[in-house]
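Colleague: Could you have a look at this structure, given as structure tokens, before my questions?
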Amino acid sequence: MSIQESVSEMKPKTTKLYYSIGEVSEIAGVKPHVLRYWETQFSILNPKKNRAGNRTYRVREIKYILTIKKLLYGKGYTIAGALQKLKESRNNPDTLIKQLSIPFAEPGKFDIVLSLRQDLSELKTLVERL
């Protein structure tokens with residue numbers, strides 16, 4: 001299923017174009033300093049920075065991060081090995097993403113999770129007041 005099909009099936013019609021390093025860190029399950037380090041090692045990771053200097057990641061970059069994570073942590077590659085694997089698929093890195101079954105295909109899915117977490121925290125606050 002393509003990103004466009006996934007987005008069109010979602011109930012909320014708004015999707016995020018950019019994600020902060022904290023959001024990407026939570027999605028990928030790695031600390032922000034790891035993401036910053038990976039940027040120095042993998043030239044394919046080059047998030048834009050906003051006026052305040054904060055990194056802003058697009059869905060494509062998040063998929064690359066998840067691919068790198070799967071190569072390093074899941075497949076046991078070293079950074080040099082992961083770099084080599086990415087270079088081999090340089091003509092079409094999306095093929096590598098598909099081969100590794102990277103799950104992040106719904107840009108707005110994380111918005112729903114954040115909304116649910118906010119609702120849960122509000123419910124906890126209400127229960128504590130009672």
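Chain identifiers are assigned as A, B, and so on, following the order in which chains appear in the structure tokens; residues are numbered from 1 within each chain, and ligands are numbered from 1 in order of appearance.
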Skip region 31-38 of chain A itself and residues of its chain fewer than 4 positions away, then list as a PyMOL selection string all residues within 7 Å of it, counting only C-alpha atoms.
Modeller: chain A and resi 21-22+25+42
Colleague: With only C-alpha atoms as the basis for distance, which of A:Ala80, A:Ser89, A:Tyr19, A:Lys124 is at the shortest distance from Thr56 (chain A)?
Modeller: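 Closest to Thr56 (chain A), using only C-alpha atoms: A:Tyr19.
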